[in-house]
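Step one of this worksheet: look at the structure below.
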Amino acid sequence: MSRGGSLLPRDPGGEAWLGAVIGVLCFIACLMAAGALAADRAAHGWSARLRAEATVQVRPRADETGDAAAARAAETLSGVDGVEEAQALDREAAEALLRPWMGEAALEDLPLPHLVTVRLSSESPASAEALGEALAEAGLDASVDDHSLWRGEIERSALTLTSLALAAFALTAGAAGAAITYATRAGIAARRREIEILSLSGAGRGQIIWQFQKRFGRLAALAGAGGGAAAAALLAAVRLAGGEGGVSPALPLAWSDLFILSLSPLLAATVALAAAWLAARRALDKGPPGAASSVSSGAGSVE
């Protein structure tokens with residue numbers, strides 16, 4: 001239909017504002033998607049490192065020193081299947097771990113626990129029960145921490161962050177759909193008489209609706225491309241400035257995240273097509289009785 005373009009109100013300023021709103025929403029949605037990917041990547045990395053390590057606290061007997069008990073525990077654990085390395089921490093190493101939290105003054109007279117760090121096999125790591133049994137058989141009084149509590153907290157935190165990011169993405173998509181719906185209804189209301197005339201001339205209902213879908217789908221695709229490109233440029237700059245860690249080890253970014261942002265125009269156009277179709281159909285259904293009947297007759301003559 002060659003005159004399809006005249007169905008929409010000729011308001012370049014209004015369409016420019018609508019495109020700007022969609023572009024900003026796409027920019028925010030892209031940042032939310034990248035943040036969700038980074039949070040999930042960080043959580044999996046931390047969880048993998050915690051799963052590959054365990055800490056043993058040794059309580060020495062009355063007839064041996066703490067360092068000797070820790071050394072004996074490390075030697076015992078080194079022979080357990082699923083353990084790659086076990087190393088007893090001396091006092092200097094223990095103080096180095098506590099110094100950021102306790103400061104210098106309190107460390108000199110503070111009784112420190114005797115610890116053994118255990119690096120587990122990545123393929124078949126030894127369980128905490130196996131480590132505890134080996135220590136008990138060697139006559140050592142020790143407790144094993146396999147960091148399962150911390151892994152659970154990290155995984156729950158990652159799930160929460162991902163859920164929040166997905167919710168924000170859904171809200172931005174809904175806001176874009178609402179803006180397009182409003183603009184489509186305004187366009188139909190402004191060109192009601194032209195739509196009736198074209199319907200009486202044989203234009204089908206689907207043809208009329210498609211004009212709105214095509215117009216706003218193209219607008220949303222361009223705006224989505226602009227928002228996605230802006231988000232990609234910002235994330236690329238952050239990735240270059242932050243090195244391999246991206247923003248920080250807490251939110252590591254990867255170059256592969258930019259591929260997800262390339263889907264922004266497609267997703268924006270899909271939302272626009274759906275919103276325009278729904279808005280145009282409802283607006284035509286709620287038109288005056290004469291318009292509704294004329295559109296129906298026009299649809300029947302063409303389709």
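Letters A, B, ... go to the chains of the structure tokens in the order shown; residues in each chain start at 1; ligands are counted from 1 in the same order.
For range 137-145 of chain A, the set of protein, DNA and RNA residues having any atom at most 9 Å away, when counting only C-alpha atoms and skipping those fewer than 5 positions along the same chain, is Ala54, Thr55, Val56, Gln57, Val58, Arg59, Pro60, Arg61, Ala69, Arg72, Ala73, Thr76, Ala128, Glu129, Leu131 and Gly132 of chain A.
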Could you check the closest approach to Trp210 in chain A for each of A:Ala178, A:Leu89, A:Ala276, A:Ala70 and tell me which residue wins, using only C-alpha atoms?
A:Ala276
Write out as a PyMOL selection string each polymer residue whose atoms come within 7 Å of Ala230 in chain A, counting only C-alpha atoms; drop sequence neighbours fewer than 4 positions from it.
chain A and resi 27+226+234
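Proximity of A:Trp255, A:Gly66, A:Ala268, A:Ser127 to Pro111 in chain A, computed with only C-alpha atoms, is greatest for A:Gly66.
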Residues of range 47-295 of chain A in alpha helix (DSSP H), written as a PDB file with C-alpha atoms, in the first residue's frame:
```pdb
ATOM      1  CA  SER A  47      32.798 -21.019  44.242  1.00  0.00           C
ATOM      2  CA  ALA A  48      35.288 -23.041  42.179  1.00  0.00           C
ATOM      3  CA  ARG A  49      38.229 -21.703  44.181  1.00  0.00           C
ATOM      4  CA  LEU A  50      36.522 -22.426  47.490  1.00  0.00           C
ATOM      5  CA  ARG A  51      35.600 -25.920  46.328  1.00  0.00           C
ATOM      6  CA  GLY A  66      51.483 -26.498  67.718  1.00  0.00           C
ATOM      7  CA  ASP A  67      53.923 -26.258  64.836  1.00  0.00           C
ATOM      8  CA  ALA A  68      54.796 -29.941  65.178  1.00  0.00           C
ATOM      9  CA  ALA A  69      51.105 -30.929  65.237  1.00  0.00           C
ATOM     10  CA  ALA A  70      50.381 -28.820  62.173  1.00  0.00           C
ATOM     11  CA  ALA A  71      53.344 -30.306  60.316  1.00  0.00           C
ATOM     12  CA  ARG A  72      52.163 -33.828  61.181  1.00  0.00           C
ATOM     13  CA  ALA A  73      48.654 -32.988  59.987  1.00  0.00           C
ATOM     14  CA  ALA A  74      49.984 -31.646  56.709  1.00  0.00           C
ATOM     15  CA  GLU A  75      52.014 -34.793  56.165  1.00  0.00           C
ATOM     16  CA  THR A  76      48.986 -36.965  56.921  1.00  0.00           C
ATOM     17  CA  LEU A  77      46.680 -35.066  54.576  1.00  0.00           C
ATOM     18  CA  SER A  78      49.195 -35.122  51.733  1.00  0.00           C
ATOM     19  CA  ARG A  91      53.093 -17.947  62.639  1.00  0.00           C
ATOM     20  CA  GLU A  92      54.357 -15.383  60.153  1.00  0.00           C
ATOM     21  CA  ALA A  93      51.926 -16.611  57.497  1.00  0.00           C
ATOM     22  CA  ALA A  94      49.051 -16.623  60.000  1.00  0.00           C
ATOM     23  CA  GLU A  95      49.899 -13.089  61.073  1.00  0.00           C
ATOM     24  CA  ALA A  96      49.957 -11.965  57.443  1.00  0.00           C
ATOM     25  CA  LEU A  97      46.418 -13.276  57.039  1.00  0.00           C
ATOM     26  CA  LEU A  98      45.154 -11.491  60.157  1.00  0.00           C
ATOM     27  CA  ARG A  99      47.108  -8.242  59.839  1.00  0.00           C
ATOM     28  CA  PRO A 100      44.577  -6.497  57.511  1.00  0.00           C
ATOM     29  CA  TRP A 101      41.843  -7.195  60.074  1.00  0.00           C
ATOM     30  CA  MET A 102      43.600  -6.980  63.449  1.00  0.00           C
ATOM     31  CA  ALA A 128      35.666 -33.117  54.506  1.00  0.00           C
ATOM     32  CA  GLU A 129      34.682 -36.473  55.998  1.00  0.00           C
ATOM     33  CA  ALA A 130      37.655 -38.196  54.333  1.00  0.00           C
ATOM     34  CA  LEU A 131      40.037 -35.552  55.618  1.00  0.00           C
ATOM     35  CA  GLY A 132      38.602 -35.780  59.121  1.00  0.00           C
ATOM     36  CA  GLU A 133      38.894 -39.581  59.181  1.00  0.00           C
ATOM     37  CA  ALA A 134      42.542 -39.446  58.073  1.00  0.00           C
ATOM     38  CA  LEU A 135      43.349 -36.949  60.819  1.00  0.00           C
ATOM     39  CA  ALA A 136      41.535 -39.022  63.458  1.00  0.00           C
ATOM     40  CA  GLU A 137      43.402 -42.169  62.420  1.00  0.00           C
ATOM     41  CA  SER A 148      30.732 -25.152  52.048  1.00  0.00           C
ATOM     42  CA  LEU A 149      29.011 -22.428  54.070  1.00  0.00           C
ATOM     43  CA  TRP A 150      30.785 -19.680  52.136  1.00  0.00           C
ATOM     44  CA  ARG A 151      30.052 -21.371  48.811  1.00  0.00           C
ATOM     45  CA  GLY A 152      26.356 -21.447  49.622  1.00  0.00           C
ATOM     46  CA  GLU A 153      26.342 -17.760  50.556  1.00  0.00           C
ATOM     47  CA  ILE A 154      28.137 -16.809  47.346  1.00  0.00           C
ATOM     48  CA  GLU A 155      25.792 -18.865  45.177  1.00  0.00           C
ATOM     49  CA  ARG A 156      22.714 -17.385  46.868  1.00  0.00           C
ATOM     50  CA  SER A 157      24.096 -13.869  46.453  1.00  0.00           C
ATOM     51  CA  ALA A 158      24.789 -14.502  42.772  1.00  0.00           C
ATOM     52  CA  LEU A 159      21.264 -15.829  42.261  1.00  0.00           C
ATOM     53  CA  THR A 160      19.848 -12.720  43.942  1.00  0.00           C
ATOM     54  CA  LEU A 161      21.913 -10.365  41.787  1.00  0.00           C
ATOM     55  CA  THR A 162      20.977 -12.235  38.615  1.00  0.00           C
ATOM     56  CA  SER A 163      17.291 -12.160  39.535  1.00  0.00           C
ATOM     57  CA  LEU A 164      17.428  -8.416  40.209  1.00  0.00           C
ATOM     58  CA  ALA A 165      19.179  -7.801  36.901  1.00  0.00           C
ATOM     59  CA  LEU A 166      16.587  -9.859  35.012  1.00  0.00           C
ATOM     60  CA  ALA A 167      13.782  -8.007  36.792  1.00  0.00           C
ATOM     61  CA  ALA A 168      15.334  -4.666  35.797  1.00  0.00           C
ATOM     62  CA  PHE A 169      15.659  -5.906  32.225  1.00  0.00           C
ATOM     63  CA  ALA A 170      11.981  -6.926  32.185  1.00  0.00           C
ATOM     64  CA  LEU A 171      10.945  -3.541  33.587  1.00  0.00           C
ATOM     65  CA  THR A 172      12.894  -1.647  30.931  1.00  0.00           C
ATOM     66  CA  ALA A 173      11.404  -3.820  28.185  1.00  0.00           C
ATOM     67  CA  GLY A 174       7.940  -3.194  29.625  1.00  0.00           C
ATOM     68  CA  ALA A 175       8.580   0.563  29.738  1.00  0.00           C
ATOM     69  CA  ALA A 176       9.662   0.542  26.095  1.00  0.00           C
ATOM     70  CA  GLY A 177       6.565  -1.444  25.162  1.00  0.00           C
ATOM     71  CA  ALA A 178       4.337   1.010  27.044  1.00  0.00           C
ATOM     72  CA  ALA A 179       5.890   3.992  25.260  1.00  0.00           C
ATOM     73  CA  ILE A 180       5.413   2.367  21.856  1.00  0.00           C
ATOM     74  CA  THR A 181       1.846   1.396  22.725  1.00  0.00           C
ATOM     75  CA  TYR A 182       1.012   4.977  23.653  1.00  0.00           C
ATOM     76  CA  ALA A 183       2.621   6.337  20.480  1.00  0.00           C
ATOM     77  CA  THR A 184       0.739   3.820  18.324  1.00  0.00           C
ATOM     78  CA  ARG A 185      -2.612   4.690  19.853  1.00  0.00           C
ATOM     79  CA  ALA A 186      -1.879   8.385  19.376  1.00  0.00           C
ATOM     80  CA  GLY A 187      -1.023   7.730  15.739  1.00  0.00           C
ATOM     81  CA  ILE A 188      -4.252   5.837  15.124  1.00  0.00           C
ATOM     82  CA  ALA A 189      -6.309   8.522  16.880  1.00  0.00           C
ATOM     83  CA  ALA A 190      -4.675  11.246  14.774  1.00  0.00           C
ATOM     84  CA  ARG A 192      -8.757   7.856  12.293  1.00  0.00           C
ATOM     85  CA  ARG A 193     -10.445   9.446   9.274  1.00  0.00           C
ATOM     86  CA  GLU A 194      -7.696   8.359   6.880  1.00  0.00           C
ATOM     87  CA  ILE A 195      -7.914   4.819   8.220  1.00  0.00           C
ATOM     88  CA  GLU A 196     -11.676   4.739   7.600  1.00  0.00           C
ATOM     89  CA  ILE A 197     -11.253   6.050   4.058  1.00  0.00           C
ATOM     90  CA  LEU A 198      -8.531   3.528   3.271  1.00  0.00           C
ATOM     91  CA  SER A 199     -10.638   0.732   4.748  1.00  0.00           C
ATOM     92  CA  LEU A 200     -13.556   1.668   2.511  1.00  0.00           C
ATOM     93  CA  ARG A 205      -7.057  -4.648   8.660  1.00  0.00           C
ATOM     94  CA  GLY A 206      -3.730  -6.460   8.645  1.00  0.00           C
ATOM     95  CA  GLN A 207      -2.300  -3.967   6.155  1.00  0.00           C
ATOM     96  CA  ILE A 208      -3.247  -1.039   8.345  1.00  0.00           C
ATOM     97  CA  ILE A 209      -1.776  -2.608  11.460  1.00  0.00           C
ATOM     98  CA  TRP A 210       1.403  -3.537   9.583  1.00  0.00           C
ATOM     99  CA  GLN A 211       2.060   0.124   8.757  1.00  0.00           C
ATOM    100  CA  PHE A 212       2.297   0.911  12.471  1.00  0.00           C
ATOM    101  CA  GLN A 213       4.370  -2.181  13.163  1.00  0.00           C
ATOM    102  CA  LYS A 214       6.803  -1.339  10.390  1.00  0.00           C
ATOM    103  CA  ARG A 215       7.185   2.285  11.455  1.00  0.00           C
ATOM    104  CA  PHE A 216       7.739   1.680  15.153  1.00  0.00           C
ATOM    105  CA  GLY A 217       9.719  -1.522  14.622  1.00  0.00           C
ATOM    106  CA  ARG A 218      12.238   0.375  12.510  1.00  0.00           C
ATOM    107  CA  LEU A 219      12.360   3.196  15.049  1.00  0.00           C
ATOM    108  CA  ALA A 220      12.932   0.778  17.952  1.00  0.00           C
ATOM    109  CA  ALA A 221      15.616  -1.140  16.046  1.00  0.00           C
ATOM    110  CA  LEU A 222      17.583   2.048  15.385  1.00  0.00           C
ATOM    111  CA  ALA A 223      17.168   3.220  18.967  1.00  0.00           C
ATOM    112  CA  GLY A 224      18.145  -0.215  20.279  1.00  0.00           C
ATOM    113  CA  ALA A 225      21.254  -0.184  18.111  1.00  0.00           C
ATOM    114  CA  GLY A 226      22.206   3.218  19.498  1.00  0.00           C
ATOM    115  CA  GLY A 227      21.626   2.182  23.119  1.00  0.00           C
ATOM    116  CA  GLY A 228      23.468  -1.097  22.650  1.00  0.00           C
ATOM    117  CA  ALA A 229      26.396   0.631  20.955  1.00  0.00           C
ATOM    118  CA  ALA A 230      26.656   3.171  23.780  1.00  0.00           C
ATOM    119  CA  ALA A 231      26.614   0.401  26.386  1.00  0.00           C
ATOM    120  CA  ALA A 232      29.197  -1.600  24.425  1.00  0.00           C
ATOM    121  CA  ALA A 233      31.492   1.442  24.193  1.00  0.00           C
ATOM    122  CA  LEU A 234      31.227   2.054  27.944  1.00  0.00           C
ATOM    123  CA  LEU A 235      31.886  -1.588  28.837  1.00  0.00           C
ATOM    124  CA  ALA A 236      34.782  -1.789  26.384  1.00  0.00           C
ATOM    125  CA  ALA A 237      36.366   1.293  27.961  1.00  0.00           C
ATOM    126  CA  VAL A 238      35.931  -0.178  31.435  1.00  0.00           C
ATOM    127  CA  ARG A 239      37.373  -3.502  30.265  1.00  0.00           C
ATOM    128  CA  LEU A 240      40.418  -1.796  28.762  1.00  0.00           C
ATOM    129  CA  ALA A 241      40.959   0.374  31.827  1.00  0.00           C
ATOM    130  CA  GLY A 242      40.501  -2.459  34.300  1.00  0.00           C
ATOM    131  CA  ASP A 257      29.761  -9.992  26.887  1.00  0.00           C
ATOM    132  CA  LEU A 258      29.682  -7.565  23.971  1.00  0.00           C
ATOM    133  CA  PHE A 259      28.044 -10.251  21.831  1.00  0.00           C
ATOM    134  CA  ILE A 260      25.017 -10.201  24.125  1.00  0.00           C
ATOM    135  CA  LEU A 261      24.702  -6.443  23.616  1.00  0.00           C
ATOM    136  CA  SER A 264      19.706  -5.123  21.588  1.00  0.00           C
ATOM    137  CA  PRO A 265      18.282  -3.955  18.192  1.00  0.00           C
ATOM    138  CA  LEU A 266      16.585  -7.304  17.611  1.00  0.00           C
ATOM    139  CA  LEU A 267      15.015  -7.391  21.069  1.00  0.00           C
ATOM    140  CA  ALA A 268      13.908  -3.753  20.843  1.00  0.00           C
ATOM    141  CA  ALA A 269      12.324  -4.318  17.422  1.00  0.00           C
ATOM    142  CA  THR A 270      10.574  -7.459  18.682  1.00  0.00           C
ATOM    143  CA  VAL A 271       9.076  -5.575  21.630  1.00  0.00           C
ATOM    144  CA  ALA A 272       8.035  -2.738  19.313  1.00  0.00           C
ATOM    145  CA  LEU A 273       6.364  -5.062  16.814  1.00  0.00           C
ATOM    146  CA  ALA A 274       4.408  -6.804  19.547  1.00  0.00           C
ATOM    147  CA  ALA A 275       3.412  -3.539  21.252  1.00  0.00           C
ATOM    148  CA  ALA A 276       2.395  -1.859  18.001  1.00  0.00           C
ATOM    149  CA  TRP A 277       0.345  -4.868  16.902  1.00  0.00           C
ATOM    150  CA  LEU A 278      -1.487  -5.032  20.216  1.00  0.00           C
ATOM    151  CA  ALA A 279      -2.088  -1.279  20.412  1.00  0.00           C
ATOM    152  CA  ALA A 280      -3.260  -0.969  16.805  1.00  0.00           C
ATOM    153  CA  ARG A 281      -5.599  -3.941  17.103  1.00  0.00           C
ATOM    154  CA  ARG A 282      -7.181  -2.670  20.302  1.00  0.00           C
ATOM    155  CA  ALA A 283      -7.485   0.853  18.955  1.00  0.00           C
ATOM    156  CA  LEU A 284      -9.234  -0.367  15.818  1.00  0.00           C
ATOM    157  CA  ASP A 285     -11.535  -2.596  17.858  1.00  0.00           C
ATOM    158  CA  PRO A 289     -19.161   1.433  15.048  1.00  0.00           C
ATOM    159  CA  GLY A 290     -18.934   2.672  11.491  1.00  0.00           C
ATOM    160  CA  ALA A 291     -15.170   2.508  11.498  1.00  0.00           C
ATOM    161  CA  ALA A 292     -15.110  -0.961  12.965  1.00  0.00           C
ATOM    162  CA  SER A 293     -17.565  -2.291  10.411  1.00  0.00           C
ATOM    163  CA  SER A 294     -15.749  -0.587   7.560  1.00  0.00           C
ATOM    164  CA  VAL A 295     -12.414  -1.973   8.667  1.00  0.00           C
TER     165      VAL A 295
END
```
Mind listing the strand (DSSP E) residues of range 28-163 of chain A, per DSSP on the backbone, as a VMD selection string?
chain A and resid 53 to 59 83 to 88 114 to 120 141 to 145
Rounded to one decimal, what separation in Å do you get between CA of Ala52 in chain A and CA of Ser124 in chain A?
9.7 Å
